[in-house]
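Asks: Enclosed is the structure file data-v2.txt (compact mmCIF, C-alpha atoms and all ligand atoms).
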# COMPACT_ATOMS: atom_id res chain seq x y z
CA MET A 153 128.25 -3.74 26.08
CA ALA A 154 126.57 -4.20 29.44
CA THR A 155 122.93 -5.13 29.91
CA ILE A 156 121.20 -4.04 33.10
CA LYS A 157 117.73 -4.47 34.55
CA VAL A 158 115.76 -1.57 36.01
CA HIS A 159 112.43 -2.64 37.50
CA ASP A 160 111.00 -4.99 34.85
CA LYS A 161 112.92 -3.73 31.80
CA PHE A 162 116.32 -4.46 30.24
CA PHE A 163 118.62 -1.72 29.07
CA GLU A 164 121.99 -1.78 27.31
CA THR A 165 124.87 0.68 27.34
CA TYR A 166 124.34 3.48 24.86
CA LEU A 167 126.66 6.33 25.93
CA PRO A 168 129.71 5.39 28.02
CA GLU A 169 130.90 7.65 30.82
CA GLU A 170 133.97 8.99 28.94
CA VAL A 171 131.84 9.94 25.92
CA ILE A 172 129.35 11.82 28.09
CA GLN A 173 132.08 13.62 30.03
CA LYS A 174 134.03 14.62 26.92
CA ARG A 175 130.91 16.10 25.32
CA ILE A 176 129.96 18.01 28.48
CA LYS A 177 133.43 19.56 28.62
CA GLU A 178 132.98 20.65 24.98
CA LEU A 179 129.59 22.21 25.79
CA ALA A 180 131.07 24.01 28.83
CA ASP A 181 133.90 25.38 26.69
CA THR A 182 131.44 26.62 24.08
CA ILE A 183 129.23 28.25 26.71
CA SER A 184 132.24 29.82 28.46
CA ASN A 185 133.30 31.27 25.14
CA ASP A 186 129.82 32.52 24.19
CA TYR A 187 129.27 34.15 27.60
CA LYS A 188 132.71 35.68 28.12
CA GLY A 189 132.40 38.78 30.33
CA ARG A 190 128.74 38.02 31.19
CA LYS A 191 127.45 36.19 34.26
CA PRO A 192 124.72 33.81 33.17
CA LEU A 193 122.24 32.23 35.54
CA PHE A 194 121.83 28.49 34.95
CA ILE A 195 118.36 27.21 35.82
CA ALA A 196 118.62 23.44 36.13
CA ILE A 197 115.39 21.47 35.95
CA LEU A 198 115.17 18.74 38.57
CA ASN A 199 115.27 15.86 39.06
CA GLY A 200 116.82 14.57 35.85
CA SER A 201 119.37 17.32 35.17
CA PHE A 202 121.20 17.29 38.50
CA MET A 203 124.27 15.34 37.26
CA PHE A 204 124.52 17.11 33.94
CA ALA A 205 124.11 20.52 35.60
CA ALA A 206 126.85 19.74 38.15
CA ASP A 207 129.34 18.45 35.56
CA LEU A 208 128.60 21.25 33.11
CA PHE A 209 128.89 23.89 35.83
CA LYS A 210 132.23 22.62 37.11
CA HIS A 211 133.82 22.91 33.68
CA LEU A 212 132.81 26.54 33.15
CA THR A 213 135.67 29.02 33.09
CA ILE A 214 133.42 32.09 33.48
CA GLU A 215 131.56 33.42 36.51
CA ALA A 216 128.05 32.06 36.65
CA GLU A 217 125.14 31.44 39.01
CA ILE A 218 123.00 28.34 39.28
CA CYS A 219 119.63 27.49 40.77
CA PHE A 220 117.51 24.36 40.67
CA ILE A 221 113.80 24.17 40.05
CA LYS A 222 111.33 21.34 39.87
CA LEU A 223 108.55 20.76 37.33
CA ALA A 224 106.36 17.69 37.12
CA SER A 225 105.41 16.07 33.80
CA TYR A 226 106.64 12.48 33.46
CA LYS A 227 105.33 9.24 34.91
CA GLY A 228 106.83 5.85 34.07
CA MET A 229 107.80 5.76 30.40
CA LYS A 230 105.32 8.25 29.03
CA SER A 231 105.43 12.02 29.25
CA SER A 232 102.16 13.36 30.59
CA GLY A 233 103.35 16.71 29.31
CA ASN A 234 101.26 18.74 31.72
CA VAL A 235 103.66 21.00 33.53
CA VAL A 236 101.78 22.04 36.60
CA THR A 237 104.08 24.53 38.21
CA SER A 238 107.68 25.18 39.15
CA ILE A 239 109.04 25.01 42.67
CA GLY A 240 112.15 26.79 43.84
CA LEU A 241 112.51 29.71 41.47
CA GLU A 242 113.45 32.43 43.91
CA ASP A 243 115.68 34.52 41.69
CA ASP A 244 114.28 37.57 39.96
CA LEU A 245 115.08 36.97 36.30
CA PHE A 246 114.67 40.57 35.16
CA GLY A 247 117.70 41.53 33.05
CA LYS A 248 119.44 38.18 33.65
CA GLU A 249 121.13 36.02 31.03
CA VAL A 250 119.38 32.72 31.62
CA ILE A 251 120.48 29.27 30.47
CA ILE A 252 117.94 26.51 31.11
CA VAL A 253 119.56 23.14 31.80
CA GLU A 254 117.58 20.01 30.90
CA ASP A 255 118.53 16.35 30.92
CA ILE A 256 116.45 15.49 27.86
CA VAL A 257 114.05 17.14 25.45
CA ASP A 258 111.59 14.52 24.24
CA THR A 259 108.29 15.92 22.87
CA GLY A 260 109.35 19.42 23.93
CA LYS A 261 106.09 19.95 25.80
CA THR A 262 107.66 20.52 29.21
CA LEU A 263 109.79 23.44 28.07
CA HIS A 264 107.17 24.71 25.64
CA ASN A 265 104.74 25.09 28.55
CA PHE A 266 107.30 26.41 30.97
CA LEU A 267 109.30 28.95 28.94
CA PRO A 268 106.54 31.59 28.80
CA LYS A 269 106.51 31.65 32.61
CA LEU A 270 110.18 32.56 32.60
CA GLU A 271 109.89 34.99 29.70
CA HIS A 272 107.21 36.79 31.66
CA GLN A 273 109.93 37.90 34.08
CA GLN A 274 111.80 39.60 31.23
CA PRO A 275 115.26 38.05 31.37
CA LYS A 276 117.79 39.79 29.10
CA SER A 277 118.31 36.54 27.21
CA MET A 278 117.27 32.92 27.50
CA LYS A 279 118.97 29.87 26.00
CA ILE A 280 118.49 26.14 26.44
CA ALA A 281 121.17 23.54 27.13
CA THR A 282 120.07 19.92 27.03
CA LEU A 283 122.25 16.86 27.35
CA LEU A 284 119.96 14.71 25.19
CA HIS A 285 117.51 15.50 22.43
CA LYS A 286 115.13 12.99 20.84
CA SER A 287 114.67 15.02 17.68
CA GLU A 288 112.35 12.39 16.13
CA ALA A 289 109.96 12.73 19.06
CA ILE A 290 109.62 16.49 19.01
CA GLU A 291 106.03 17.73 18.89
CA TYR A 292 106.60 21.23 20.20
CA PRO A 293 109.51 22.72 18.25
CA LEU A 294 112.00 24.53 20.44
CA ASN A 295 115.15 26.44 19.73
CA LEU A 296 117.78 24.30 21.44
CA ASP A 297 121.02 26.23 21.74
CA TYR A 298 123.32 23.63 23.27
CA VAL A 299 122.65 19.93 22.65
CA GLY A 300 124.90 17.17 23.95
CA PHE A 301 123.60 14.25 21.89
CA ASP A 302 120.75 13.80 19.44
CA ILE A 303 119.44 10.31 20.26
CA PRO A 304 116.88 7.92 18.73
CA ASN A 305 113.33 7.88 20.04
CA LYS A 306 113.96 5.11 22.58
CA PHE A 307 113.63 5.29 26.35
CA VAL A 308 116.94 5.86 28.18
CA VAL A 309 118.07 5.75 31.82
CA GLY A 310 121.19 6.70 33.73
CA TYR A 311 123.25 9.80 34.40
CA GLY A 312 120.34 11.48 36.20
CA LEU A 313 117.54 9.98 34.08
CA ASP A 314 115.22 7.48 35.70
CA TYR A 315 112.72 4.80 34.94
CA ASP A 316 110.12 5.08 37.69
CA GLY A 317 112.59 6.51 40.18
CA LEU A 318 115.50 4.15 39.54
CA GLY A 319 118.63 4.34 37.40
CA ARG A 320 119.62 7.93 38.12
CA ASN A 321 122.91 6.94 39.80
CA LEU A 322 124.33 5.16 36.74
CA LYS A 323 127.40 6.89 35.27
CA GLU A 324 126.54 5.79 31.74
CA ILE A 325 123.37 6.22 29.70
CA TYR A 326 121.48 3.02 28.84
CA GLN A 327 118.87 2.46 26.15
CA LEU A 328 115.82 0.21 26.37
CA VAL A 329 116.53 -3.14 24.67
P1 LIG B 1 109.09 16.38 27.13
O1 LIG B 1 108.18 17.34 27.80
O2 LIG B 1 108.32 15.34 26.35
O3 LIG B 1 110.15 17.05 26.27
O4 LIG B 1 109.83 15.52 28.25
C1 LIG B 1 110.81 16.06 29.04
C2 LIG B 1 111.02 15.27 30.32
O5 LIG B 1 110.58 13.92 30.18
C3 LIG B 1 112.50 15.18 30.64
O6 LIG B 1 112.92 16.25 31.44
C4 LIG B 1 112.60 13.84 31.37
O7 LIG B 1 112.38 14.03 32.74
C5 LIG B 1 111.48 13.00 30.80
N1 LIG B 1 111.97 12.05 29.77
C6 LIG B 1 111.79 12.11 28.43
N2 LIG B 1 112.35 11.08 27.80
C7 LIG B 1 112.91 10.31 28.76
C8 LIG B 1 113.68 9.08 28.71
O8 LIG B 1 113.97 8.47 27.66
N3 LIG B 1 114.10 8.61 29.94
C9 LIG B 1 113.82 9.23 31.11
N4 LIG B 1 113.13 10.38 31.18
C10 LIG B 1 112.67 10.92 30.02
Could the structure of this file be written out as structure tokens, please?
Ligand code: IMP
Replies:
Amino acid sequence: MATIKVHDKFFETYLPEEVIQKRIKELADTISNDYKGRKPLFIAILNGSFMFAADLFKHLTIEAEICFIKLASYKGMKSSGNVVTSIGLEDDLFGKEVIIVEDIVDTGKTLHNFLPKLEHQQPKSMKIATLLHKSEAIEYPLNLDYVGFDIPNKFVVGYGLDYDGLGRNLKEIYQLV
């Protein structure tokens, strides 16, 4: 098990690359099966979900669209939870089969605040795919349709997730020691 330092904190390996990749392939297979004959639109929430969204998307065996949007809610190690607005949502969601792609659902506040804005556009359906879920930390219950890993309520970095801007490039996911 490797220990790394990001800024002032130490983290140790929690999910190795092969484990992450195997699980993402399983999620992509499930989604491809569930959406056979439909053309879902994946809405990936930046910055954290960029790696997960790319790996998930490449394993799909169905036709699908993807777009990336940005919300702001997290500073340092604590979620501020106040989603101000989204940037980059150009698609009209009316009648679309939407799948939101998140890196991690922690308290659930980000999606809880944001989903009504999407629902307002009357998509035909809306599901959520998240790589990680801290189920112990949830304060705003959400219906999560596709979950990669349910993880303990400890801060993690890597595979798109950051600690104050750093750690996103790591291929593995590391947990705070
Ligand atoms: P929520 O609104 O509390 O569910 O937080 C969601 C957002 O907080 C995620 O999209 C991440 O950007 C960030 N976040 C939550 N937990 C962690 C973590 O352990 N490491 C890095 N970012 C996190």
Asks: Kindly compile the residues surrounding ligand LIG 1 (chain B) within 8 Å, counting only C-alpha atoms and all ligand atoms, and format them as a ChimeraX atom specification.
Replies: /A:197-201,225-226,229-233,254-264,286,289-290,305-309,313-315,327
Asks: Rank nothing, just name the residue among A:Glu249, A:Glu178, A:Glu271, A:Glu215 nearest to Gly300 of chain A, using all atoms listed in the file.
Replies: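 Comparing A:Glu249, A:Glu178, A:Glu271, A:Glu215 against Gly300 of chain A, the winner is A:Glu178.
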Asks: Measuring atom to atom with all atoms listed in the file, identify which of A:Leu283, A:Met278, A:Ala196, A:Ile214 is nearest to Lys174 of chain A.
Replies: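 Ranking A:Leu283, A:Met278, A:Ala196, A:Ile214 by distance to Lys174 of chain A, first place goes to A:Leu283.
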Asks: Would you mind reading off the distance between atom CA of Tyr311 of chain A and atom CA of Pro293 of chain A, one decimal, in Å?
Replies: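 Separating atom CA of Tyr311 of chain A from atom CA of Pro293 of chain A is a distance of 24.8 Å.
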Asks: Quick one: of A:Thr213, A:Gln273, A:Thr155, A:Asn295, who's nearest to Ile183 of chain A, counting all atoms listed in the file?
Replies: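 Of A:Thr213, A:Gln273, A:Thr155, A:Asn295, the one nearest Ile183 of chain A, counting all atoms listed in the file, is A:Thr213.
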Asks: Given the choices A:Asn265, A:Asn185, A:Asn321, A:Thr282, which gets closest to Asp302 of chain A if the distance is worked out from only C-alpha atoms?
Replies: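 Closest candidate: A:Thr282.
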Asks: Just the residues within 9 Å of Ala154 of chain A, please, counting all atoms listed in the file, with nothing from its chain fewer than 6 positions along; format it as a list in words.
Replies: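 The filter keeps Phe163, Glu164, Thr165 and Tyr326 of chain A.
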Asks: From the list A:Ile239, A:Val299, A:Leu167, A:Leu193, which residue is nearest Ser277 of chain A when using all atoms listed in the file?
Replies: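 Between A:Ile239, A:Val299, A:Leu167, A:Leu193, the residue approaching Ser277 of chain A most closely is A:Leu193.
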Asks: Report the distance between atom CA of Lys248 of chain A and atom CA of Gln173 of chain A in Å, rounded to one decimal place.
Replies: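 Computing the Euclidean distance for atom CA of Lys248 of chain A and atom CA of Gln173 of chain A yields 27.9 Å.
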Asks: Could you jot down the atom CA of Tyr298 of chain A to atom CA of Arg175 of chain A separation for me, Å, one decimal place?
Replies: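 Rounded to one decimal, the two atoms are 10.9 Å apart.
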Asks: Using all atoms listed in the file, which of the listed residues (A:Glu288, A:Glu242, A:Asp297, A:Asp207) sits closest to Thr182 of chain A?
Replies: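 Closest candidate: A:Asp297.
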Asks: Could you check which residues have any atom within 9 Å of (111.7, 38.1, 32.5), counting all atoms listed in the file with coordinates taken straight from the file, and then list them as a list in words?
Replies: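 Result, sorted by chain then residue number: Asp244, Leu245, Phe246, Gly247, Lys248, Lys269, Leu270, Glu271, His272, Gln273, Gln274, Pro275, Lys276 and Ser277 of chain A.
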Asks: Restricting the output to C-alpha atoms, write the selected residues as a compact mmCIF listing (two decimals), in the frame of the given file.
Replies:
# COMPACT_ATOMS: atom_id res chain seq x y z
CA ASP A 244 114.28 37.57 39.96
CA LEU A 245 115.08 36.97 36.30
CA PHE A 246 114.67 40.57 35.16
CA GLY A 247 117.70 41.53 33.05
CA LYS A 248 119.44 38.18 33.65
CA LYS A 269 106.51 31.65 32.61
CA LEU A 270 110.18 32.56 32.60
CA GLU A 271 109.89 34.99 29.70
CA HIS A 272 107.21 36.79 31.66
CA GLN A 273 109.93 37.90 34.08
CA GLN A 274 111.80 39.60 31.23
CA PRO A 275 115.26 38.05 31.37
CA LYS A 276 117.79 39.79 29.10
CA SER A 277 118.31 36.54 27.21
Asks: Missing atoms in segment 190-226 of chain A should be modelled up to N, CA and C atoms and reported as a PDB file, in the coordinates of the input.
Replies:
ATOM      1  N   ARG A 190     130.128  37.938  30.687  1.00  0.00           N
ATOM      2  CA  ARG A 190     128.740  38.020  31.190  1.00  0.00           C
ATOM      3  C   ARG A 190     128.644  37.042  32.354  1.00  0.00           C
ATOM      4  N   LYS A 191     127.591  37.123  33.127  1.00  0.00           N
ATOM      5  CA  LYS A 191     127.450  36.190  34.260  1.00  0.00           C
ATOM      6  C   LYS A 191     126.117  35.495  34.170  1.00  0.00           C
ATOM      7  N   PRO A 192     126.023  34.454  33.352  1.00  0.00           N
ATOM      8  CA  PRO A 192     124.720  33.810  33.170  1.00  0.00           C
ATOM      9  C   PRO A 192     124.207  33.129  34.442  1.00  0.00           C
ATOM     10  N   LEU A 193     122.886  32.993  34.471  1.00  0.00           N
ATOM     11  CA  LEU A 193     122.240  32.230  35.540  1.00  0.00           C
ATOM     12  C   LEU A 193     121.741  30.923  34.936  1.00  0.00           C
ATOM     13  N   PHE A 194     122.285  29.805  35.408  1.00  0.00           N
ATOM     14  CA  PHE A 194     121.830  28.490  34.950  1.00  0.00           C
ATOM     15  C   PHE A 194     120.628  28.096  35.783  1.00  0.00           C
ATOM     16  N   ILE A 195     119.544  27.713  35.115  1.00  0.00           N
ATOM     17  CA  ILE A 195     118.360  27.210  35.820  1.00  0.00           C
ATOM     18  C   ILE A 195     118.242  25.728  35.456  1.00  0.00           C
ATOM     19  N   ALA A 196     118.624  24.872  36.393  1.00  0.00           N
ATOM     20  CA  ALA A 196     118.620  23.440  36.130  1.00  0.00           C
ATOM     21  C   ALA A 196     117.284  22.849  36.556  1.00  0.00           C
ATOM     22  N   ILE A 197     116.716  22.040  35.679  1.00  0.00           N
ATOM     23  CA  ILE A 197     115.390  21.470  35.950  1.00  0.00           C
ATOM     24  C   ILE A 197     115.543  20.083  36.577  1.00  0.00           C
ATOM     25  N   LEU A 198     115.083  19.984  37.801  1.00  0.00           N
ATOM     26  CA  LEU A 198     115.170  18.740  38.570  1.00  0.00           C
ATOM     27  C   LEU A 198     114.022  17.788  38.181  1.00  0.00           C
ATOM     28  N   ASN A 199     114.127  16.489  38.438  1.00  0.00           N
ATOM     29  CA  ASN A 199     115.270  15.860  39.060  1.00  0.00           C
ATOM     30  C   ASN A 199     116.363  15.511  38.046  1.00  0.00           C
ATOM     31  N   GLY A 200     115.940  15.207  36.820  1.00  0.00           N
ATOM     32  CA  GLY A 200     116.820  14.570  35.850  1.00  0.00           C
ATOM     33  C   GLY A 200     118.132  15.271  35.547  1.00  0.00           C
ATOM     34  N   SER A 201     118.174  16.613  35.645  1.00  0.00           N
ATOM     35  CA  SER A 201     119.370  17.320  35.170  1.00  0.00           C
ATOM     36  C   SER A 201     120.443  17.523  36.233  1.00  0.00           C
ATOM     37  N   PHE A 202     120.265  16.936  37.422  1.00  0.00           N
ATOM     38  CA  PHE A 202     121.200  17.290  38.500  1.00  0.00           C
ATOM     39  C   PHE A 202     122.651  16.908  38.190  1.00  0.00           C
ATOM     40  N   MET A 203     122.878  15.756  37.544  1.00  0.00           N
ATOM     41  CA  MET A 203     124.270  15.340  37.260  1.00  0.00           C
ATOM     42  C   MET A 203     124.845  16.164  36.122  1.00  0.00           C
ATOM     43  N   PHE A 204     124.068  16.332  35.084  1.00  0.00           N
ATOM     44  CA  PHE A 204     124.520  17.110  33.940  1.00  0.00           C
ATOM     45  C   PHE A 204     124.827  18.548  34.373  1.00  0.00           C
ATOM     46  N   ALA A 205     123.919  19.130  35.155  1.00  0.00           N
ATOM     47  CA  ALA A 205     124.110  20.520  35.600  1.00  0.00           C
ATOM     48  C   ALA A 205     125.405  20.640  36.408  1.00  0.00           C
ATOM     49  N   ALA A 206     125.654  19.689  37.294  1.00  0.00           N
ATOM     50  CA  ALA A 206     126.850  19.740  38.150  1.00  0.00           C
ATOM     51  C   ALA A 206     128.114  19.608  37.307  1.00  0.00           C
ATOM     52  N   ASP A 207     128.131  18.652  36.378  1.00  0.00           N
ATOM     53  CA  ASP A 207     129.340  18.450  35.560  1.00  0.00           C
ATOM     54  C   ASP A 207     129.561  19.612  34.601  1.00  0.00           C
ATOM     55  N   LEU A 208     128.485  20.103  34.031  1.00  0.00           N
ATOM     56  CA  LEU A 208     128.600  21.250  33.110  1.00  0.00           C
ATOM     57  C   LEU A 208     129.127  22.469  33.869  1.00  0.00           C
ATOM     58  N   PHE A 209     128.550  22.712  35.021  1.00  0.00           N
ATOM     59  CA  PHE A 209     128.890  23.890  35.830  1.00  0.00           C
ATOM     60  C   PHE A 209     130.348  23.860  36.274  1.00  0.00           C
ATOM     61  N   LYS A 210     130.844  22.676  36.627  1.00  0.00           N
ATOM     62  CA  LYS A 210     132.230  22.620  37.110  1.00  0.00           C
ATOM     63  C   LYS A 210     133.245  22.875  36.013  1.00  0.00           C
ATOM     64  N   HIS A 211     132.876  22.682  34.775  1.00  0.00           N
ATOM     65  CA  HIS A 211     133.820  22.910  33.680  1.00  0.00           C
ATOM     66  C   HIS A 211     133.795  24.337  33.153  1.00  0.00           C
ATOM     67  N   LEU A 212     132.881  25.167  33.663  1.00  0.00           N
ATOM     68  CA  LEU A 212     132.810  26.540  33.150  1.00  0.00           C
ATOM     69  C   LEU A 212     134.037  27.327  33.592  1.00  0.00           C
ATOM     70  N   THR A 213     134.503  28.195  32.727  1.00  0.00           N
ATOM     71  CA  THR A 213     135.670  29.020  33.090  1.00  0.00           C
ATOM     72  C   THR A 213     135.250  30.481  33.268  1.00  0.00           C
ATOM     73  N   ILE A 214     133.940  30.735  33.255  1.00  0.00           N
ATOM     74  CA  ILE A 214     133.420  32.090  33.480  1.00  0.00           C
ATOM     75  C   ILE A 214     132.698  32.121  34.820  1.00  0.00           C
ATOM     76  N   GLU A 215     132.387  33.324  35.301  1.00  0.00           N
ATOM     77  CA  GLU A 215     131.560  33.420  36.510  1.00  0.00           C
ATOM     78  C   GLU A 215     130.125  33.139  36.123  1.00  0.00           C
ATOM     79  N   ALA A 216     129.436  32.409  36.962  1.00  0.00           N
ATOM     80  CA  ALA A 216     128.050  32.060  36.650  1.00  0.00           C
ATOM     81  C   ALA A 216     127.313  31.704  37.937  1.00  0.00           C
ATOM     82  N   GLU A 217     125.976  31.846  37.874  1.00  0.00           N
ATOM     83  CA  GLU A 217     125.140  31.440  39.010  1.00  0.00           C
ATOM     84  C   GLU A 217     124.332  30.213  38.602  1.00  0.00           C
ATOM     85  N   ILE A 218     123.851  29.495  39.601  1.00  0.00           N
ATOM     86  CA  ILE A 218     123.000  28.340  39.280  1.00  0.00           C
ATOM     87  C   ILE A 218     121.878  28.225  40.309  1.00  0.00           C
ATOM     88  N   CYS A 219     120.703  27.835  39.844  1.00  0.00           N
ATOM     89  CA  CYS A 219     119.630  27.490  40.770  1.00  0.00           C
ATOM     90  C   CYS A 219     118.901  26.277  40.204  1.00  0.00           C
ATOM     91  N   PHE A 220     118.182  25.607  41.049  1.00  0.00           N
ATOM     92  CA  PHE A 220     117.510  24.360  40.670  1.00  0.00           C
ATOM     93  C   PHE A 220     116.010  24.518  40.876  1.00  0.00           C
ATOM     94  N   ILE A 221     115.256  24.107  39.884  1.00  0.00           N
ATOM     95  CA  ILE A 221     113.800  24.170  40.050  1.00  0.00           C
ATOM     96  C   ILE A 221     113.202  22.809  39.701  1.00  0.00           C
ATOM     97  N   LYS A 222     111.985  22.623  40.114  1.00  0.00           N
ATOM     98  CA  LYS A 222     111.330  21.340  39.870  1.00  0.00           C
ATOM     99  C   LYS A 222     110.013  21.561  39.124  1.00  0.00           C
ATOM    100  N   LEU A 223     109.811  20.759  38.071  1.00  0.00           N
ATOM    101  CA  LEU A 223     108.550  20.760  37.330  1.00  0.00           C
ATOM    102  C   LEU A 223     108.087  19.318  37.322  1.00  0.00           C
ATOM    103  N   ALA A 224     106.812  19.079  37.159  1.00  0.00           N
ATOM    104  CA  ALA A 224     106.360  17.690  37.120  1.00  0.00           C
ATOM    105  C   ALA A 224     105.648  17.411  35.809  1.00  0.00           C
ATOM    106  N   SER A 225     106.102  16.373  35.061  1.00  0.00           N
ATOM    107  CA  SER A 225     105.410  16.070  33.800  1.00  0.00           C
ATOM    108  C   SER A 225     105.542  14.621  33.361  1.00  0.00           C
ATOM    109  N   TYR A 226     106.336  13.803  34.005  1.00  0.00           N
ATOM    110  CA  TYR A 226     106.640  12.480  33.460  1.00  0.00           C
ATOM    111  C   TYR A 226     106.345  11.383  34.465  1.00  0.00           C
TER     112      TYR A 226
END
